[in-house]
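Structure, as structure tokens:
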Amino acid sequence: MSQAPRPGPRKLTINDIASEAGVSKKTVSRVINGEKYVNEETRAKVIEVMAALHFSPNPQARSLAARRSFLLGMVYPRVAASFSDFMPYVVGVQEGVLSYCRAKGYELVVHPCDYEHADVASEIDAFLKRAEPAGVVLLPPASEFTDVLDLLDRNGRKFVRISQQLDGHPSPGVGCDVRKATEAMTVHLIGLGHRRIAFVGGQTSFSQSEARRSGYRDALARYGIPVDDTLIVKGLWSFDSGKEQGHHLLAMNEPPTAIFASSDEMAAGVLMAAHERGIDVPGALSVAGFNDMPIATRVWPPLTTIRQPVYDFGRVAAEALIELIEDPVGTQPGVNRAVPFELISRASVGPVPRVGVTSA
């Protein structure tokens, strides 16, 4: 006769935690739910016991007990495969959100949306009605669409934006100043002697594209360098568009000595164009990118770029959202949290060549 399968280990409950910590079940519940009226010594002891026993509260049971959701949503754009530069950004933000969710006992549900759809606001609202999260983190470009933000406001949804336009709406936002970041990179190139600096921008449907172009223009104006509109071209955030625009710029009668692309993917395409033309980087041409995505260190030479701390975007956004959920009265509306960027210097940028662009 076959033996009955042995039962697995019994799942821990808050009764077990209460017994081990020497406190009441109600106290454990208050600690799990982040409630007040628990002294810090007791709270620390309960948390220590939960960590030692690897106890993770059931989010559904917790929601029923507390009569509220412990689920956060994250809305990000569904993009074409050619925009491979964007998915590491999404994953980085998601990891940051998850890290804070785990620390506070929340779960995360994600939703890719079609940001080019005529009624993207209704699509996002339908997702929130299905999932019923306590709040939602919005990634660009939806985080900058006024109709999306206004609809969420009207429906009483709690949300935090990850956005480059942090002063455009009276709701909490997280981001870094991409205009200042682009200006900083352009100033870096000017400091190396470059004056013919080309700029490969992104799609105009993204508001940060204009912010990045403005930062480039700000730097030129600061140093009294006239803007040459023939050196400002538009890409599609993709490798192929960067390569196409790289060939276009390098075929000019007086080509640039530096090309600054507003994404690493496009900068990698510019590098390919330079290699195909036999142009030495950085000896005859400097190339810079933006975002510090994985591709920045997988091309040769590795890219000088602007690092956006996307993990911190997610972590800080989750922190702001949970504060808004748990203490709506004490949280100031419209408070924006800036996360600093960093200029990462690598081998793709060097001093201006004494002669124009030449073959390697």
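Following the order of the structure tokens, first chain is A, next is B, and so on, with residues numbered from 1 inside each chain and ligands from 1 in the order they appear.
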
Identify, on the basis of only C-alpha atoms, every residue whose closest approach to Gly269 (chain A) does not exceed 8 Å; exclude the query and any residue fewer than 4 positions from it along the same chain; express the result as a PyMOL selection string. chain A and resi 238-244+246+265+273

As a PDB file with C-alpha atoms, in the first residue's frame, please: the residues near Leu149 (chain A) (cut-off 12 Å, only C-alpha atoms, same-chain neighbours under 4 positions excluded).
```pdb
ATOM      1  CA  VAL A 120      -5.026  56.148 -22.844  1.00  0.00           C
ATOM      2  CA  ALA A 121      -6.541  57.783 -19.739  1.00  0.00           C
ATOM      3  CA  SER A 122      -9.563  55.453 -19.866  1.00  0.00           C
ATOM      4  CA  ILE A 124      -5.315  53.244 -17.307  1.00  0.00           C
ATOM      5  CA  ASP A 125      -8.490  53.915 -15.320  1.00  0.00           C
ATOM      6  CA  VAL A 136      -0.160  53.796  -8.700  1.00  0.00           C
ATOM      7  CA  VAL A 137       3.280  54.857  -9.954  1.00  0.00           C
ATOM      8  CA  LEU A 138       3.103  56.419 -13.432  1.00  0.00           C
ATOM      9  CA  LEU A 139       6.080  56.281 -15.794  1.00  0.00           C
ATOM     10  CA  PRO A 140       6.574  58.700 -18.690  1.00  0.00           C
ATOM     11  CA  PRO A 141       5.072  59.629 -21.033  1.00  0.00           C
ATOM     12  CA  ALA A 142       1.705  58.864 -19.368  1.00  0.00           C
ATOM     13  CA  SER A 143       2.954  60.611 -16.222  1.00  0.00           C
ATOM     14  CA  GLU A 144       2.992  63.860 -18.217  1.00  0.00           C
ATOM     15  CA  PHE A 145      -0.405  63.541 -19.927  1.00  0.00           C
ATOM     16  CA  ASP A 153      -7.656  63.189  -9.693  1.00  0.00           C
ATOM     17  CA  ARG A 154     -11.399  63.207 -10.445  1.00  0.00           C
ATOM     18  CA  ASN A 155     -11.686  59.526  -9.506  1.00  0.00           C
ATOM     19  CA  GLY A 156      -9.804  60.001  -6.237  1.00  0.00           C
ATOM     20  CA  ARG A 157      -6.860  57.819  -7.228  1.00  0.00           C
ATOM     21  CA  LYS A 158      -3.590  58.226  -5.340  1.00  0.00           C
ATOM     22  CA  PHE A 159      -0.605  58.418  -7.674  1.00  0.00           C
ATOM     23  CA  VAL A 160       3.007  59.541  -7.959  1.00  0.00           C
ATOM     24  CA  ARG A 161       4.590  60.549 -11.258  1.00  0.00           C
ATOM     25  CA  GLY A 168       3.638  70.982 -14.423  1.00  0.00           C
ATOM     26  CA  HIS A 169       0.975  69.411 -12.188  1.00  0.00           C
ATOM     27  CA  PRO A 170      -0.055  69.708  -8.499  1.00  0.00           C
ATOM     28  CA  SER A 171       0.684  66.052  -7.664  1.00  0.00           C
ATOM     29  CA  PRO A 172       3.763  64.301  -6.212  1.00  0.00           C
ATOM     30  CA  GLY A 173       6.547  63.689  -8.714  1.00  0.00           C
TER      31      GLY A 173
END
```

Polymer residues at most 6 Å from region 339-349 of chain A, only C-alpha atoms, same-chain spacing of 4 or more positions, as a ChimeraX atom specification: /A:175-176,282,286-287,301-308

Test item, alpha helix (DSSP H) assignment across region 237-287 of chain A, answer as a list in words: Phe239, Asp240, Ser241, Gly242, Lys243, Glu244, Gln245, Gly246, His247, His248, Leu249, Leu250, Asp264, Glu265, Met266, Ala267, Ala268, Gly269, Val270, Leu271, Met272, Ala273, Ala274, His275 and Glu276 of chain A

Mind writing the picked residues with N, CA and C atoms as an mmCIF file, in the first residue's frame?
```cif
data_model
loop_
_atom_site.group_PDB
_atom_site.id
_atom_site.type_symbol
_atom_site.label_atom_id
_atom_site.label_comp_id
_atom_site.auth_asym_id
_atom_site.auth_seq_id
_atom_site.Cartn_x
_atom_site.Cartn_y
_atom_site.Cartn_z
ATOM 1 N N PHE A 239 18.551 52.355 -32.072
ATOM 2 C CA PHE A 239 19.892 52.182 -32.634
ATOM 3 C C PHE A 239 19.909 52.577 -34.109
ATOM 4 N N ASP A 240 18.919 52.081 -34.865
ATOM 5 C CA ASP A 240 18.902 52.343 -36.306
ATOM 6 C C ASP A 240 18.782 53.827 -36.617
ATOM 7 N N SER A 241 17.957 54.536 -35.840
ATOM 8 C CA SER A 241 17.810 55.975 -36.097
ATOM 9 C C SER A 241 19.085 56.722 -35.739
ATOM 10 N N GLY A 242 19.791 56.265 -34.693
ATOM 11 C CA GLY A 242 21.065 56.875 -34.342
ATOM 12 C C GLY A 242 22.109 56.659 -35.431
ATOM 13 N N LYS A 243 22.115 55.454 -35.982
ATOM 14 C CA LYS A 243 23.052 55.149 -37.067
ATOM 15 C C LYS A 243 22.743 56.009 -38.290
ATOM 16 N N GLU A 244 21.462 56.121 -38.641
ATOM 17 C CA GLU A 244 21.057 56.926 -39.798
ATOM 18 C C GLU A 244 21.461 58.386 -39.630
ATOM 19 N N GLN A 245 21.177 58.941 -38.458
ATOM 20 C CA GLN A 245 21.519 60.345 -38.229
ATOM 21 C C GLN A 245 23.027 60.540 -38.095
ATOM 22 N N GLY A 246 23.726 59.522 -37.605
ATOM 23 C CA GLY A 246 25.181 59.592 -37.542
ATOM 24 C C GLY A 246 25.784 59.718 -38.930
ATOM 25 N N HIS A 247 25.298 58.888 -39.857
ATOM 26 C CA HIS A 247 25.782 58.979 -41.238
ATOM 27 C C HIS A 247 25.467 60.351 -41.832
ATOM 28 N N HIS A 248 24.265 60.836 -41.552
ATOM 29 C CA HIS A 248 23.873 62.146 -42.080
ATOM 30 C C HIS A 248 24.812 63.248 -41.591
ATOM 31 N N LEU A 249 25.098 63.268 -40.309
ATOM 32 C CA LEU A 249 25.945 64.318 -39.735
ATOM 33 C C LEU A 249 27.395 64.210 -40.208
ATOM 34 N N LEU A 250 27.894 62.980 -40.318
ATOM 35 C CA LEU A 250 29.294 62.786 -40.684
ATOM 36 C C LEU A 250 29.546 62.984 -42.170
ATOM 37 N N ASP A 264 21.409 56.286 -25.074
ATOM 38 C CA ASP A 264 22.572 55.440 -25.327
ATOM 39 C C ASP A 264 22.378 54.587 -26.575
ATOM 40 N N GLU A 265 21.141 54.160 -26.816
ATOM 41 C CA GLU A 265 20.863 53.337 -27.988
ATOM 42 C C GLU A 265 21.193 54.109 -29.267
ATOM 43 N N MET A 266 20.773 55.375 -29.328
ATOM 44 C CA MET A 266 21.087 56.191 -30.500
ATOM 45 C C MET A 266 22.580 56.483 -30.573
ATOM 46 N N ALA A 267 23.224 56.710 -29.428
ATOM 47 C CA ALA A 267 24.668 56.954 -29.419
ATOM 48 C C ALA A 267 25.425 55.738 -29.952
ATOM 49 N N ALA A 268 24.951 54.535 -29.621
ATOM 50 C CA ALA A 268 25.579 53.319 -30.149
ATOM 51 C C ALA A 268 25.437 53.264 -31.664
ATOM 52 N N GLY A 269 24.280 53.709 -32.179
ATOM 53 C CA GLY A 269 24.099 53.779 -33.624
ATOM 54 C C GLY A 269 25.051 54.765 -34.268
ATOM 55 N N VAL A 270 25.294 55.912 -33.609
ATOM 56 C CA VAL A 270 26.267 56.896 -34.106
ATOM 57 C C VAL A 270 27.661 56.274 -34.152
ATOM 58 N N LEU A 271 28.022 55.520 -33.114
ATOM 59 C CA LEU A 271 29.319 54.838 -33.103
ATOM 60 C C LEU A 271 29.458 53.904 -34.299
ATOM 61 N N MET A 272 28.376 53.161 -34.608
ATOM 62 C CA MET A 272 28.415 52.255 -35.743
ATOM 63 C C MET A 272 28.635 53.017 -37.044
ATOM 64 N N ALA A 273 27.943 54.155 -37.196
ATOM 65 C CA ALA A 273 28.133 54.972 -38.395
ATOM 66 C C ALA A 273 29.587 55.432 -38.512
ATOM 67 N N ALA A 274 30.170 55.843 -37.387
ATOM 68 C CA ALA A 274 31.565 56.284 -37.402
ATOM 69 C C ALA A 274 32.493 55.138 -37.792
ATOM 70 N N HIS A 275 32.256 53.960 -37.238
ATOM 71 C CA HIS A 275 33.087 52.801 -37.573
ATOM 72 C C HIS A 275 32.970 52.462 -39.057
ATOM 73 N N GLU A 276 31.745 52.508 -39.592
ATOM 74 C CA GLU A 276 31.543 52.175 -41.006
ATOM 75 C C GLU A 276 32.237 53.184 -41.921
#
```

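CA of Asp114 (chain A) is positioned 18.1 Å from CA of Asp150 (chain A).
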
Would you mind listing what lies within 12 Å of Ala131 (chain A) as a short mmCIF file (atom, residue, chain, number, x, y, z; two decimals) with N, CA, C and O atoms, in the first residue's frame, with only C-alpha atoms counted and same-chain residues fewer than 5 positions away left out?
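Output saved as selection_11.cif:
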```
data_model
loop_
_atom_site.label_atom_id
_atom_site.label_comp_id
_atom_site.auth_asym_id
_atom_site.auth_seq_id
_atom_site.Cartn_x
_atom_site.Cartn_y
_atom_site.Cartn_z
N SER A 69 -6.31 48.06 0.72
CA SER A 69 -5.41 47.33 -0.17
C SER A 69 -3.95 47.55 0.20
O SER A 69 -3.55 48.64 0.61
N PHE A 70 -3.15 46.50 0.04
CA PHE A 70 -1.70 46.60 0.18
C PHE A 70 -1.04 46.27 -1.16
O PHE A 70 0.00 45.63 -1.24
N LEU A 71 -1.70 46.72 -2.21
CA LEU A 71 -1.24 46.50 -3.57
C LEU A 71 -0.95 47.84 -4.23
O LEU A 71 -1.75 48.77 -4.14
N LEU A 72 0.22 47.96 -4.86
CA LEU A 72 0.55 49.14 -5.65
C LEU A 72 0.53 48.76 -7.13
O LEU A 72 0.85 47.63 -7.49
N GLY A 73 0.17 49.72 -7.96
CA GLY A 73 0.22 49.53 -9.40
C GLY A 73 1.38 50.31 -10.00
O GLY A 73 1.84 51.31 -9.43
N MET A 74 1.87 49.86 -11.14
CA MET A 74 2.87 50.60 -11.90
C MET A 74 2.49 50.58 -13.36
O MET A 74 2.31 49.49 -13.94
N VAL A 75 2.31 51.74 -13.96
CA VAL A 75 1.91 51.85 -15.36
C VAL A 75 3.11 52.33 -16.17
O VAL A 75 3.71 53.35 -15.86
N GLU A 107 2.55 44.58 -2.24
CA GLU A 107 2.79 43.84 -3.47
C GLU A 107 2.64 44.79 -4.64
O GLU A 107 2.09 45.89 -4.51
N LEU A 108 3.13 44.37 -5.82
CA LEU A 108 3.13 45.24 -7.00
C LEU A 108 2.50 44.53 -8.18
O LEU A 108 2.78 43.35 -8.44
N VAL A 109 1.64 45.24 -8.90
CA VAL A 109 1.09 44.74 -10.16
C VAL A 109 1.43 45.77 -11.23
O VAL A 109 1.32 46.98 -11.01
N VAL A 110 1.91 45.30 -12.40
CA VAL A 110 2.34 46.22 -13.45
C VAL A 110 1.39 46.14 -14.63
O VAL A 110 0.73 45.12 -14.87
N HIS A 111 1.33 47.24 -15.39
CA HIS A 111 0.43 47.31 -16.54
C HIS A 111 1.08 48.12 -17.66
O HIS A 111 1.32 49.31 -17.51
N ILE A 124 -5.96 53.30 -18.62
CA ILE A 124 -5.32 53.24 -17.31
C ILE A 124 -6.36 53.17 -16.20
O ILE A 124 -6.22 52.39 -15.24
N ASP A 125 -7.43 53.93 -16.33
CA ASP A 125 -8.49 53.92 -15.32
C ASP A 125 -9.15 52.55 -15.25
O ASP A 125 -9.47 52.06 -14.16
N ALA A 126 -9.33 51.89 -16.41
CA ALA A 126 -9.93 50.54 -16.42
C ALA A 126 -9.03 49.54 -15.71
O ALA A 126 -9.50 48.68 -14.96
N VAL A 136 -0.85 54.20 -7.47
CA VAL A 136 -0.16 53.80 -8.70
C VAL A 136 1.03 54.73 -8.98
O VAL A 136 0.96 55.93 -8.72
#
```

Could you list, as a PyMOL selection string, every residue within 7 Å of region 25-31 of chain A, counting only C-alpha atoms and ignoring same-chain residues fewer than 5 positions away? chain A and resi 14-15+18+43+46

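Proximity to His54 (chain A) was assessed for A:Ile17, A:Leu236, A:Val23, A:Val90 counting only C-alpha atoms; the smallest distance is recorded for A:Ile17.
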
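You can rank A:Val352, A:Ala338, A:Lys129, A:Ala317 by their closest distance to Ser99 (chain A) using only C-alpha atoms, and at the top of that list sits A:Ala317.
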
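Distances to Val310 (chain A) were evaluated for A:Ala198, A:Ala251, A:Val97, A:Leu12 using only C-alpha atoms, and the minimum falls at A:Val97.
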
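For the pair CA of Glu95 (chain A) and CA of Cys113 (chain A), the separation is 18.9 Å.
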
Neighbouring residues of Arg213 (chain A) were defined as those with any atom within 12 Å, considering only C-alpha atoms; residues of the same chain fewer than 5 positions away were excluded. Please report them as a ChimeraX atom specification. /A:178-183,185-186,198-204,206-208,218-220,227,229,231-234,260-262

Expected file: the selected residues, N, CA, C and O atoms, as a tab-separated table (two decimals), in the first residue's frame:
```tsv
chain	number	residue	atom	x	y	z
A	178	VAL	N	16.50	66.64	-16.42
A	178	VAL	CA	17.20	66.22	-17.64
A	178	VAL	C	17.72	67.42	-18.42
A	178	VAL	O	18.70	67.32	-19.15
A	179	ARG	N	17.07	68.57	-18.27
A	179	ARG	CA	17.57	69.77	-18.95
A	179	ARG	C	18.95	70.13	-18.41
A	179	ARG	O	19.88	70.40	-19.18
A	180	LYS	N	19.09	70.12	-17.08
A	180	LYS	CA	20.39	70.41	-16.46
A	180	LYS	C	21.41	69.32	-16.81
A	180	LYS	O	22.60	69.60	-17.00
A	181	ALA	N	20.94	68.07	-16.90
A	181	ALA	CA	21.85	66.98	-17.22
A	181	ALA	C	22.39	67.11	-18.63
A	181	ALA	O	23.60	66.92	-18.88
A	182	THR	N	21.52	67.46	-19.58
A	182	THR	CA	21.96	67.64	-20.96
A	182	THR	C	22.90	68.83	-21.07
A	182	THR	O	23.90	68.80	-21.80
A	183	GLU	N	22.58	69.88	-20.33
A	183	GLU	CA	23.47	71.05	-20.31
A	183	GLU	C	24.85	70.66	-19.77
A	183	GLU	O	25.88	71.06	-20.31
A	185	MET	N	26.39	67.75	-19.87
A	185	MET	CA	27.17	66.98	-20.84
A	185	MET	C	27.69	67.88	-21.96
A	185	MET	O	28.85	67.76	-22.38
A	186	THR	N	26.86	68.81	-22.42
A	186	THR	CA	27.30	69.71	-23.48
A	186	THR	C	28.44	70.60	-22.98
A	186	THR	O	29.42	70.84	-23.71
A	198	ALA	N	27.08	68.30	-32.42
A	198	ALA	CA	25.76	67.93	-32.95
A	198	ALA	C	24.92	67.30	-31.84
A	198	ALA	O	25.44	66.73	-30.88
A	199	PHE	N	23.61	67.40	-32.01
A	199	PHE	CA	22.70	66.84	-31.01
A	199	PHE	C	21.64	65.99	-31.72
A	199	PHE	O	20.95	66.46	-32.62
A	200	VAL	N	21.54	64.72	-31.31
A	200	VAL	CA	20.52	63.82	-31.85
A	200	VAL	C	19.43	63.70	-30.80
A	200	VAL	O	19.62	63.06	-29.75
A	201	GLY	N	18.29	64.34	-31.04
A	201	GLY	CA	17.19	64.33	-30.08
A	201	GLY	C	16.29	63.13	-30.28
A	201	GLY	O	16.51	62.29	-31.17
A	202	GLY	N	15.26	63.03	-29.43
A	202	GLY	CA	14.32	61.92	-29.52
A	202	GLY	C	12.99	62.37	-30.09
A	202	GLY	O	12.83	63.49	-30.58
A	203	GLN	N	12.02	61.48	-30.02
A	203	GLN	CA	10.68	61.78	-30.55
A	203	GLN	C	10.08	62.99	-29.86
A	203	GLN	O	10.14	63.12	-28.64
A	204	THR	N	9.45	63.84	-30.63
A	204	THR	CA	8.86	65.04	-30.05
A	204	THR	C	7.62	64.74	-29.23
A	204	THR	O	7.16	65.59	-28.47
A	206	PHE	N	7.52	62.85	-26.78
A	206	PHE	CA	8.01	62.76	-25.41
A	206	PHE	C	8.44	64.17	-24.98
A	206	PHE	O	9.31	64.77	-25.59
A	207	SER	N	7.84	64.68	-23.92
A	207	SER	CA	8.16	66.05	-23.51
A	207	SER	C	9.61	66.18	-23.08
A	207	SER	O	10.20	67.26	-23.19
A	208	GLN	N	10.22	65.09	-22.60
A	208	GLN	CA	11.61	65.19	-22.18
A	208	GLN	C	12.54	65.41	-23.37
A	208	GLN	O	13.67	65.88	-23.21
A	218	ASP	N	21.02	75.62	-23.92
A	218	ASP	CA	21.43	76.42	-22.76
A	218	ASP	C	22.95	76.47	-22.65
A	218	ASP	O	23.54	77.52	-22.36
A	219	ALA	N	23.60	75.31	-22.85
A	219	ALA	CA	25.05	75.25	-22.72
A	219	ALA	C	25.73	76.07	-23.81
A	219	ALA	O	26.70	76.80	-23.54
A	220	LEU	N	25.23	75.96	-25.04
A	220	LEU	CA	25.82	76.74	-26.13
A	220	LEU	C	25.69	78.24	-25.84
A	220	LEU	O	26.64	79.01	-26.03
A	227	VAL	N	23.90	78.71	-32.20
A	227	VAL	CA	23.19	77.46	-32.48
A	227	VAL	C	23.15	77.25	-33.98
A	227	VAL	O	22.70	78.12	-34.73
A	229	ASP	N	21.33	75.06	-36.53
A	229	ASP	CA	20.20	74.14	-36.60
A	229	ASP	C	20.48	72.91	-37.46
A	229	ASP	O	19.80	71.89	-37.31
A	231	LEU	N	22.93	71.09	-37.14
A	231	LEU	CA	23.57	70.10	-36.26
A	231	LEU	C	22.58	69.48	-35.27
A	231	LEU	O	22.95	68.63	-34.47
A	232	ILE	N	21.31	69.91	-35.33
A	232	ILE	CA	20.28	69.35	-34.44
A	232	ILE	C	19.36	68.48	-35.27
A	232	ILE	O	18.65	68.96	-36.17
A	233	VAL	N	19.38	67.18	-35.02
A	233	VAL	CA	18.58	66.23	-35.80
A	233	VAL	C	17.71	65.41	-34.86
A	233	VAL	O	17.95	65.35	-33.64
A	234	LYS	N	16.70	64.76	-35.43
A	234	LYS	CA	15.76	64.00	-34.61
A	234	LYS	C	15.89	62.51	-34.89
A	234	LYS	O	15.86	62.07	-36.04
A	260	PHE	N	26.36	64.33	-29.58
A	260	PHE	CA	25.70	64.01	-28.30
A	260	PHE	C	24.31	63.49	-28.64
A	260	PHE	O	23.46	64.22	-29.13
A	261	ALA	N	24.08	62.20	-28.39
A	261	ALA	CA	22.77	61.59	-28.64
A	261	ALA	C	22.01	61.48	-27.33
A	261	ALA	O	22.58	61.15	-26.29
A	262	SER	N	20.70	61.77	-27.37
A	262	SER	CA	19.93	61.83	-26.13
A	262	SER	C	19.44	60.47	-25.65
A	262	SER	O	18.56	60.40	-24.80
```

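Pairwise distance (CA of Thr42 (chain A), CA of Glu20 (chain A)) equals 12.4 Å.
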